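Below is upload-v4.pdb, holding PDB, C-alpha atoms.
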```
ATOM      1  CA  MET M   1     -69.764  42.365 -90.533  1.00  0.00           C
ATOM      2  CA  ILE M   2     -72.786  44.445 -91.428  1.00  0.00           C
ATOM      3  CA  PRO M   3     -74.335  41.921 -93.909  1.00  0.00           C
ATOM      4  CA  TYR M   4     -74.363  39.156 -91.271  1.00  0.00           C
ATOM      5  CA  ALA M   5     -75.923  41.494 -88.748  1.00  0.00           C
ATOM      6  CA  ILE M   6     -78.510  42.564 -91.321  1.00  0.00           C
ATOM      7  CA  ASN M   7     -79.445  38.950 -92.015  1.00  0.00           C
ATOM      8  CA  ILE M   8     -79.851  38.206 -88.316  1.00  0.00           C
ATOM      9  CA  VAL M   9     -81.870  41.381 -87.833  1.00  0.00           C
ATOM     10  CA  TYR M  10     -84.164  40.533 -90.748  1.00  0.00           C
ATOM     11  CA  PHE M  11     -84.792  37.140 -89.174  1.00  0.00           C
ATOM     12  CA  MET M  12     -85.524  38.608 -85.745  1.00  0.00           C
ATOM     13  CA  LEU M  13     -87.844  41.284 -87.116  1.00  0.00           C
ATOM     14  CA  SER M  14     -89.726  38.699 -89.172  1.00  0.00           C
ATOM     15  CA  LEU M  15     -90.157  36.577 -86.067  1.00  0.00           C
ATOM     16  CA  ALA M  16     -91.460  39.638 -84.222  1.00  0.00           C
ATOM     17  CA  LEU M  17     -93.910  40.324 -87.070  1.00  0.00           C
ATOM     18  CA  ILE M  18     -95.193  36.732 -86.866  1.00  0.00           C
ATOM     19  CA  LEU M  19     -95.673  36.973 -83.091  1.00  0.00           C
ATOM     20  CA  ALA M  20     -97.510  40.298 -83.403  1.00  0.00           C
ATOM     21  CA  PHE M  21     -99.678  38.770 -86.116  1.00  0.00           C
ATOM     22  CA  VAL M  22    -100.523  35.904 -83.754  1.00  0.00           C
ATOM     23  CA  ARG M  23    -101.806  38.456 -81.254  1.00  0.00           C
ATOM     24  CA  LEU M  24    -103.646  40.292 -84.037  1.00  0.00           C
ATOM     25  CA  THR M  25    -105.589  37.172 -84.990  1.00  0.00           C
ATOM     26  CA  ARG M  26    -106.070  35.750 -81.499  1.00  0.00           C
ATOM     27  CA  GLY M  27    -106.681  38.930 -79.513  1.00  0.00           C
ATOM     28  CA  PRO M  28    -109.865  38.530 -77.518  1.00  0.00           C
ATOM     29  CA  SER M  29    -111.010  42.141 -77.806  1.00  0.00           C
ATOM     30  CA  LEU M  30    -110.671  44.957 -80.297  1.00  0.00           C
ATOM     31  CA  PRO M  31    -108.190  47.071 -78.247  1.00  0.00           C
ATOM     32  CA  ASP M  32    -105.813  44.084 -78.177  1.00  0.00           C
ATOM     33  CA  ARG M  33    -105.903  43.994 -81.958  1.00  0.00           C
ATOM     34  CA  VAL M  34    -105.288  47.746 -82.155  1.00  0.00           C
ATOM     35  CA  VAL M  35    -102.248  47.368 -79.893  1.00  0.00           C
ATOM     36  CA  ALA M  36    -100.986  44.551 -82.102  1.00  0.00           C
ATOM     37  CA  LEU M  37    -101.485  46.717 -85.206  1.00  0.00           C
ATOM     38  CA  GLU M  38     -99.513  49.531 -83.630  1.00  0.00           C
ATOM     39  CA  LEU M  39     -96.707  47.136 -82.762  1.00  0.00           C
ATOM     40  CA  ILE M  40     -96.718  45.817 -86.344  1.00  0.00           C
ATOM     41  CA  ALA M  41     -96.398  49.371 -87.675  1.00  0.00           C
ATOM     42  CA  SER M  42     -93.508  50.039 -85.305  1.00  0.00           C
ATOM     43  CA  ILE M  43     -91.750  46.840 -86.410  1.00  0.00           C
ATOM     44  CA  VAL M  44     -92.252  47.841 -90.052  1.00  0.00           C
ATOM     45  CA  VAL M  45     -90.618  51.201 -89.309  1.00  0.00           C
ATOM     46  CA  GLY M  46     -87.593  49.295 -88.046  1.00  0.00           C
ATOM     47  CA  TYR M  47     -87.737  47.013 -91.078  1.00  0.00           C
ATOM     48  CA  VAL M  48     -87.634  50.004 -93.416  1.00  0.00           C
ATOM     49  CA  GLY M  49     -84.629  51.401 -91.537  1.00  0.00           C
ATOM     50  CA  VAL M  50     -82.773  48.093 -91.884  1.00  0.00           C
ATOM     51  CA  HIS M  51     -83.690  47.961 -95.554  1.00  0.00           C
ATOM     52  CA  ALA M  52     -82.303  51.489 -96.005  1.00  0.00           C
ATOM     53  CA  ILE M  53     -78.999  50.272 -94.589  1.00  0.00           C
ATOM     54  CA  ASP M  54     -79.139  47.109 -96.719  1.00  0.00           C
ATOM     55  CA  THR M  55     -79.710  48.874-100.033  1.00  0.00           C
ATOM     56  CA  GLY M  56     -77.888  52.111 -99.239  1.00  0.00           C
ATOM     57  CA  VAL M  57     -80.862  54.240-100.254  1.00  0.00           C
ATOM     58  CA  SER M  58     -81.370  56.879 -97.593  1.00  0.00           C
ATOM     59  CA  SER M  59     -84.609  58.142 -99.157  1.00  0.00           C
ATOM     60  CA  LEU M  60     -86.408  55.150 -97.650  1.00  0.00           C
ATOM     61  CA  LEU M  61     -86.472  56.994 -94.335  1.00  0.00           C
ATOM     62  CA  ASP M  62     -89.319  59.124 -95.699  1.00  0.00           C
ATOM     63  CA  VAL M  63     -91.327  55.920 -96.012  1.00  0.00           C
ATOM     64  CA  ALA M  64     -90.622  55.213 -92.336  1.00  0.00           C
ATOM     65  CA  ILE M  65     -91.903  58.681 -91.394  1.00  0.00           C
ATOM     66  CA  VAL M  66     -95.117  58.137 -93.363  1.00  0.00           C
ATOM     67  CA  ILE M  67     -95.675  54.687 -91.850  1.00  0.00           C
ATOM     68  CA  ALA M  68     -95.242  56.039 -88.324  1.00  0.00           C
ATOM     69  CA  LEU M  69     -97.666  58.880 -89.069  1.00  0.00           C
ATOM     70  CA  THR M  70    -100.377  56.616 -90.505  1.00  0.00           C
ATOM     71  CA  ALA M  71    -100.008  54.174 -87.602  1.00  0.00           C
ATOM     72  CA  PHE M  72    -100.542  56.994 -85.123  1.00  0.00           C
ATOM     73  CA  LEU M  73    -103.597  58.260 -87.012  1.00  0.00           C
ATOM     74  CA  ALA M  74    -105.015  54.718 -87.197  1.00  0.00           C
ATOM     75  CA  ALA M  75    -104.578  54.248 -83.447  1.00  0.00           C
ATOM     76  CA  ILE M  76    -106.323  57.561 -82.716  1.00  0.00           C
ATOM     77  CA  GLY M  77    -109.134  56.690 -85.127  1.00  0.00           C
ATOM     78  CA  PHE M  78    -109.691  53.240 -83.633  1.00  0.00           C
ATOM     79  CA  ALA M  79    -109.704  54.686 -80.125  1.00  0.00           C
ATOM     80  CA  SER M  80    -112.292  57.339 -80.948  1.00  0.00           C
ATOM     81  CA  PHE M  81    -114.345  54.677 -82.733  1.00  0.00           C
ATOM     82  CA  LEU M  82    -114.275  52.540 -79.583  1.00  0.00           C
ATOM     83  CA  GLU M  83    -115.229  55.436 -77.340  1.00  0.00           C
ATOM     84  CA  LYS M  84    -118.092  56.493 -79.579  1.00  0.00           C
ATOM     85  CA  GLY M  85    -119.510  53.012 -79.095  1.00  0.00           C
ATOM     86  CA  GLY M  86    -118.219  50.454 -81.521  1.00  0.00           C
ATOM     87  CA  THR M  87    -118.439  46.737 -80.993  1.00  0.00           C
ATOM     88  CA  LYS M  88    -117.820  45.983 -77.356  1.00  0.00           C
ATOM     89  CA  ASN M  89    -116.494  42.469 -77.857  1.00  0.00           C
ATOM     90  CA  ASP M  90    -115.984  41.153 -81.307  1.00  0.00           C
TER      91      ASP M  90
ATOM     92  CA  MET R   1     -65.404  50.897 -85.968  1.00  0.00           C
ATOM     93  CA  ILE R   2     -68.499  52.329 -87.604  1.00  0.00           C
ATOM     94  CA  ASP R   3     -69.373  48.803 -88.747  1.00  0.00           C
ATOM     95  CA  LEU R   4     -69.196  47.525 -85.190  1.00  0.00           C
ATOM     96  CA  ILE R   5     -71.400  50.336 -83.879  1.00  0.00           C
ATOM     97  CA  VAL R   6     -73.946  49.841 -86.663  1.00  0.00           C
ATOM     98  CA  SER R   7     -74.092  46.078 -86.105  1.00  0.00           C
ATOM     99  CA  VAL R   8     -74.458  46.370 -82.342  1.00  0.00           C
ATOM    100  CA  PHE R   9     -77.193  49.006 -82.650  1.00  0.00           C
ATOM    101  CA  LEU R  10     -79.054  46.937 -85.231  1.00  0.00           C
ATOM    102  CA  LEU R  11     -78.929  43.819 -83.069  1.00  0.00           C
ATOM    103  CA  ALA R  12     -79.995  45.759 -79.988  1.00  0.00           C
ATOM    104  CA  GLY R  13     -82.946  47.336 -81.803  1.00  0.00           C
ATOM    105  CA  ALA R  14     -84.094  44.021 -83.236  1.00  0.00           C
ATOM    106  CA  SER R  15     -83.771  42.412 -79.793  1.00  0.00           C
ATOM    107  CA  PHE R  16     -85.989  45.066 -78.263  1.00  0.00           C
ATOM    108  CA  MET R  17     -88.585  44.632 -80.996  1.00  0.00           C
ATOM    109  CA  LEU R  18     -88.534  40.850 -80.614  1.00  0.00           C
ATOM    110  CA  LEU R  19     -88.936  41.331 -76.872  1.00  0.00           C
ATOM    111  CA  ALA R  20     -91.961  43.556 -77.483  1.00  0.00           C
ATOM    112  CA  ALA R  21     -93.510  40.925 -79.738  1.00  0.00           C
ATOM    113  CA  ILE R  22     -92.894  38.146 -77.207  1.00  0.00           C
ATOM    114  CA  GLY R  23     -94.439  40.337 -74.527  1.00  0.00           C
ATOM    115  CA  ILE R  24     -97.522  41.082 -76.586  1.00  0.00           C
ATOM    116  CA  VAL R  25     -98.094  37.358 -77.069  1.00  0.00           C
ATOM    117  CA  ARG R  26     -97.276  36.165 -73.572  1.00  0.00           C
ATOM    118  CA  LEU R  27     -98.738  38.823 -71.259  1.00  0.00           C
ATOM    119  CA  PRO R  28    -102.250  38.296 -69.961  1.00  0.00           C
ATOM    120  CA  ASP R  29    -104.347  41.448 -70.461  1.00  0.00           C
ATOM    121  CA  LEU R  30    -104.563  44.751 -72.317  1.00  0.00           C
ATOM    122  CA  PRO R  31    -102.600  47.164 -70.070  1.00  0.00           C
ATOM    123  CA  THR R  32     -99.709  44.743 -69.601  1.00  0.00           C
ATOM    124  CA  ARG R  33     -99.612  44.128 -73.344  1.00  0.00           C
ATOM    125  CA  MET R  34     -99.454  47.853 -73.970  1.00  0.00           C
ATOM    126  CA  HIS R  35     -96.732  48.090 -71.339  1.00  0.00           C
ATOM    127  CA  ALA R  36     -94.701  45.588 -73.340  1.00  0.00           C
ATOM    128  CA  SER R  37     -95.377  46.850 -76.834  1.00  0.00           C
ATOM    129  CA  THR R  38     -95.123  50.636 -76.634  1.00  0.00           C
ATOM    130  CA  LYS R  39     -91.926  51.148 -74.685  1.00  0.00           C
ATOM    131  CA  ALA R  40     -89.865  48.294 -76.093  1.00  0.00           C
ATOM    132  CA  ALA R  41     -90.932  48.960 -79.679  1.00  0.00           C
ATOM    133  CA  ALA R  42     -90.099  52.672 -79.368  1.00  0.00           C
ATOM    134  CA  MET R  43     -86.692  51.746 -77.950  1.00  0.00           C
ATOM    135  CA  GLY R  44     -86.082  49.331 -80.820  1.00  0.00           C
ATOM    136  CA  ALA R  45     -87.012  51.940 -83.409  1.00  0.00           C
ATOM    137  CA  MET R  46     -84.694  54.419 -81.689  1.00  0.00           C
ATOM    138  CA  PHE R  47     -81.784  51.979 -81.841  1.00  0.00           C
ATOM    139  CA  ILE R  48     -82.405  51.177 -85.505  1.00  0.00           C
ATOM    140  CA  MET R  49     -82.634  54.863 -86.442  1.00  0.00           C
ATOM    141  CA  GLY R  50     -79.401  55.455 -84.530  1.00  0.00           C
ATOM    142  CA  SER R  51     -77.709  52.731 -86.537  1.00  0.00           C
ATOM    143  CA  VAL R  52     -79.054  54.262 -89.763  1.00  0.00           C
ATOM    144  CA  SER R  53     -77.604  57.659 -88.900  1.00  0.00           C
ATOM    145  CA  PHE R  54     -74.276  56.067 -87.958  1.00  0.00           C
ATOM    146  CA  TYR R  55     -74.173  54.063 -91.177  1.00  0.00           C
ATOM    147  CA  PHE R  56     -74.831  56.932 -93.572  1.00  0.00           C
ATOM    148  CA  SER R  57     -72.833  59.513 -91.554  1.00  0.00           C
ATOM    149  CA  ASP R  58     -74.663  62.339 -93.275  1.00  0.00           C
ATOM    150  CA  SER R  59     -76.242  65.379 -91.675  1.00  0.00           C
ATOM    151  CA  VAL R  60     -79.417  65.155 -93.769  1.00  0.00           C
ATOM    152  CA  VAL R  61     -79.913  61.485 -92.916  1.00  0.00           C
ATOM    153  CA  PHE R  62     -79.186  62.211 -89.290  1.00  0.00           C
ATOM    154  CA  ALA R  63     -81.810  64.972 -89.263  1.00  0.00           C
ATOM    155  CA  ARG R  64     -84.363  62.627 -90.812  1.00  0.00           C
ATOM    156  CA  ALA R  65     -83.627  59.787 -88.385  1.00  0.00           C
ATOM    157  CA  PHE R  66     -83.748  62.231 -85.491  1.00  0.00           C
ATOM    158  CA  ALA R  67     -87.139  63.473 -86.722  1.00  0.00           C
ATOM    159  CA  ILE R  68     -88.414  59.878 -86.814  1.00  0.00           C
ATOM    160  CA  VAL R  69     -87.187  59.272 -83.255  1.00  0.00           C
ATOM    161  CA  ILE R  70     -88.778  62.463 -81.961  1.00  0.00           C
ATOM    162  CA  PHE R  71     -92.022  61.624 -83.751  1.00  0.00           C
ATOM    163  CA  ILE R  72     -92.110  58.116 -82.277  1.00  0.00           C
ATOM    164  CA  LEU R  73     -91.310  59.436 -78.815  1.00  0.00           C
ATOM    165  CA  ILE R  74     -94.170  61.938 -79.064  1.00  0.00           C
ATOM    166  CA  THR R  75     -96.843  59.738 -80.631  1.00  0.00           C
ATOM    167  CA  SER R  76     -96.252  56.386 -78.933  1.00  0.00           C
ATOM    168  CA  PRO R  77     -97.316  57.446 -75.403  1.00  0.00           C
ATOM    169  CA  ILE R  78    -100.289  59.376 -76.787  1.00  0.00           C
ATOM    170  CA  ALA R  79    -101.517  56.380 -78.768  1.00  0.00           C
ATOM    171  CA  ALA R  80    -101.004  54.059 -75.792  1.00  0.00           C
ATOM    172  CA  HIS R  81    -102.904  56.431 -73.508  1.00  0.00           C
ATOM    173  CA  VAL R  82    -105.805  56.775 -75.931  1.00  0.00           C
ATOM    174  CA  ILE R  83    -106.086  53.041 -76.595  1.00  0.00           C
ATOM    175  CA  GLY R  84    -105.854  52.198 -72.908  1.00  0.00           C
ATOM    176  CA  ARG R  85    -108.534  54.762 -72.101  1.00  0.00           C
ATOM    177  CA  ALA R  86    -110.827  53.369 -74.779  1.00  0.00           C
ATOM    178  CA  GLY R  87    -110.161  49.824 -73.652  1.00  0.00           C
ATOM    179  CA  TYR R  88    -111.007  50.679 -70.067  1.00  0.00           C
ATOM    180  CA  PHE R  89    -114.188  52.469 -71.116  1.00  0.00           C
ATOM    181  CA  THR R  90    -115.413  49.528 -73.163  1.00  0.00           C
ATOM    182  CA  GLY R  91    -114.911  47.190 -70.218  1.00  0.00           C
ATOM    183  CA  THR R  92    -112.002  45.070 -71.321  1.00  0.00           C
ATOM    184  CA  PRO R  93    -111.507  42.522 -68.543  1.00  0.00           C
ATOM    185  CA  LEU R  94    -108.354  42.779 -66.475  1.00  0.00           C
ATOM    186  CA  TRP R  95    -106.132  39.887 -65.524  1.00  0.00           C
ATOM    187  CA  ASP R  96    -107.330  37.594 -62.725  1.00  0.00           C
ATOM    188  CA  GLY R  97    -104.253  38.348 -60.661  1.00  0.00           C
ATOM    189  CA  THR R  98    -104.801  42.107 -60.730  1.00  0.00           C
ATOM    190  CA  VAL R  99    -104.230  43.382 -57.196  1.00  0.00           C
ATOM    191  CA  LYS R 100    -105.610  46.916 -57.340  1.00  0.00           C
ATOM    192  CA  ASP R 101    -107.782  48.862 -59.749  1.00  0.00           C
ATOM    193  CA  GLN R 102    -107.931  52.391 -58.414  1.00  0.00           C
ATOM    194  CA  LEU R 103    -110.094  53.721 -61.211  1.00  0.00           C
ATOM    195  CA  ARG R 104    -112.893  51.304 -60.432  1.00  0.00           C
ATOM    196  CA  GLU R 105    -113.686  52.908 -57.080  1.00  0.00           C
ATOM    197  CA  ASN R 106    -113.724  56.498 -58.260  1.00  0.00           C
ATOM    198  CA  TYR R 107    -114.754  56.366 -61.882  1.00  0.00           C
ATOM    199  CA  ASP R 108    -118.332  56.864 -62.987  1.00  0.00           C
ATOM    200  CA  PRO R 109    -118.857  54.912 -66.221  1.00  0.00           C
ATOM    201  CA  ASP R 110    -122.123  56.690 -67.058  1.00  0.00           C
ATOM    202  CA  THR R 111    -120.865  60.251 -67.051  1.00  0.00           C
ATOM    203  CA  HIS R 112    -117.201  59.505 -67.847  1.00  0.00           C
ATOM    204  CA  ARG R 113    -116.290  61.519 -64.789  1.00  0.00           C
ATOM    205  CA  LEU R 114    -113.410  60.694 -62.483  1.00  0.00           C
ATOM    206  CA  LEU R 115    -114.078  61.452 -58.842  1.00  0.00           C
ATOM    207  CA  SER R 116    -111.336  62.044 -56.351  1.00  0.00           C
ATOM    208  CA  GLY R 117    -113.138  60.458 -53.405  1.00  0.00           C
ATOM    209  CA  PHE R 118    -113.150  63.701 -51.434  1.00  0.00           C
ATOM    210  CA  GLU R 119    -116.302  65.279 -52.852  1.00  0.00           C
ATOM    211  CA  GLY R 120    -118.496  65.115 -49.738  1.00  0.00           C
ATOM    212  CA  SER R 121    -117.912  66.591 -46.344  1.00  0.00           C
ATOM    213  CA  SER R 122    -114.590  66.030 -44.706  1.00  0.00           C
ATOM    214  CA  GLU R 123    -115.921  63.465 -42.220  1.00  0.00           C
ATOM    215  CA  ASN R 124    -116.837  60.681 -44.611  1.00  0.00           C
ATOM    216  CA  SER R 125    -114.265  61.583 -47.193  1.00  0.00           C
ATOM    217  CA  THR R 126    -112.599  58.188 -47.346  1.00  0.00           C
ATOM    218  CA  THR R 127    -115.604  56.157 -48.455  1.00  0.00           C
ATOM    219  CA  PRO R 128    -115.619  55.381 -52.148  1.00  0.00           C
ATOM    220  CA  THR R 129    -118.563  56.948 -53.861  1.00  0.00           C
ATOM    221  CA  LYS R 130    -119.328  54.355 -56.481  1.00  0.00           C
ATOM    222  CA  THR R 131    -118.332  50.716 -56.700  1.00  0.00           C
ATOM    223  CA  ASP R 132    -119.970  49.580 -59.908  1.00  0.00           C
ATOM    224  CA  PRO R 133    -117.734  47.638 -62.288  1.00  0.00           C
ATOM    225  CA  PRO R 134    -116.908  49.539 -65.435  1.00  0.00           C
ATOM    226  CA  GLY R 135    -118.193  48.753 -68.838  1.00  0.00           C
ATOM    227  CA  GLN R 136    -121.953  48.656 -68.410  1.00  0.00           C
ATOM    228  CA  PRO R 137    -123.089  52.082 -69.522  1.00  0.00           C
TER     229      PRO R 137
END
```
As structure tokens, what does this structure read like?
Amino acid sequence: MIPYAINIVYFMLSLALILAFVRLTRGPSLPDRVVALELIASIVVGYVGVHAIDTGVSSLLDVAIVIALTAFLAAIGFASFLEKGGTKND
Amino acid sequence: MIDLIVSVFLLAGASFMLLAAIGIVRLPDLPTRMHASTKAAAMGAMFIMGSVSFYFSDSVVFARAFAIVIFILITSPIAAHVIGRAGYFTGTPLWDGTVKDQLRENYDPDTHRLLSGFEGSSENSTTPTKTDPPGQP
């Protein structure tokens, strides 16, 4: 039962990554792109969790922790860059 | 039984993440997009980490997955707040159908100061003090 569910979940997460990438390329302003990047990082965290179940390697959860941490730092950095006066509308 | 729980949690988490992605494509402006992406994506990550801890059934893995969930629950609202604040300061346009923007009446975009509307004497306390649109510092 689990392999079928893992296949379906891989498909759904890939579809979610494609949709978030559409917003990343189309987003009219820079904060929209930052939101899309944060969503992509969150989806990748889920992807790593599913991959840990798929391969049976529980050490991959450390990768998920690091990805979540870097996504948070990137969001904070982009926000401070915007507030300090970056490009208003790219 | 464990297989059923793991499969259901995985499918639920992936559904929430797909819902977040659909919302970030379909919704019209920045705050509604953040509304879709932050909460639903955090919920999806929580479900997937729950399925991971059920699948491995190990205390170390459970502690790690729990740490990831706590970290996501702490950082996701902070990041959403900071990005929304920056987006409002840089004058990202709101949706055309926006009914009420309470910050616009009381927020001074030059000094980054939020007024409460009750600064003056108590007689004329209900008049908004500044009605400039945000984003032109």
Could you tell me which of R:Leu10, R:Ala63, R:Leu73, R:Leu27 comes closest to chain M if we count all atoms listed in the file?
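Answer, going by the shortest atom-to-atom distance: R:Leu10.
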Would you compute, for all listed atoms of segment 83-99 of chain R, the axis-aligned bounding box grown by 3 Å on each side, and then report its centre and edge lengths in Å rounded to one decimal, as lines of an AutoDock Vina configuration file?
```
center_x = -109.8
center_y = 46.2
center_z = -66.9
size_x = 17.2
size_y = 23.2
size_z = 25.4
```
| task | I would like the residues chosen by the ChimeraX specification (/R :<7) & /M on the shown file; could you give them as a VMD selection string? | result | chain M and resid 1 to 2 5 9 12 to 13 16 19 to 20 23 31 to 32 35 39 42 to 43 45 to 46 49 53 58 61 65 72 75 to 76 79 82 to 83 88
Q) Restricting the calculation to all atoms listed in the file, which member of M:Leu60, M:Val66, M:Leu37, M:Ala71 is positioned closest to Leu17 of chain M? A)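 Distance minimum relative to Leu17 of chain M lands on M:Leu37.
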Could you please determine the separation between atom CA of Glu38 of chain M and atom CA of Tyr4 of chain M in Å, to one decimal place?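 Atom-to-atom, atom CA of Glu38 of chain M and atom CA of Tyr4 of chain M are spaced 28.3 Å apart.
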What separates atom CA of Ala36 of chain M and atom CA of Tyr107 of chain R is a distance of 27.2 Å
Notebook entry, point to check: atom CA of Met43 of chain R and atom CA of Val48 of chain M are how many Å apart?
Noted result: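 It comes out at 15.6 Å.
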One residue among M:Ile18, M:Ala41, M:Ile8, M:Leu24 is nearest to Leu73 of chain M when using only C-alpha atoms, and that residue is M:Ala41
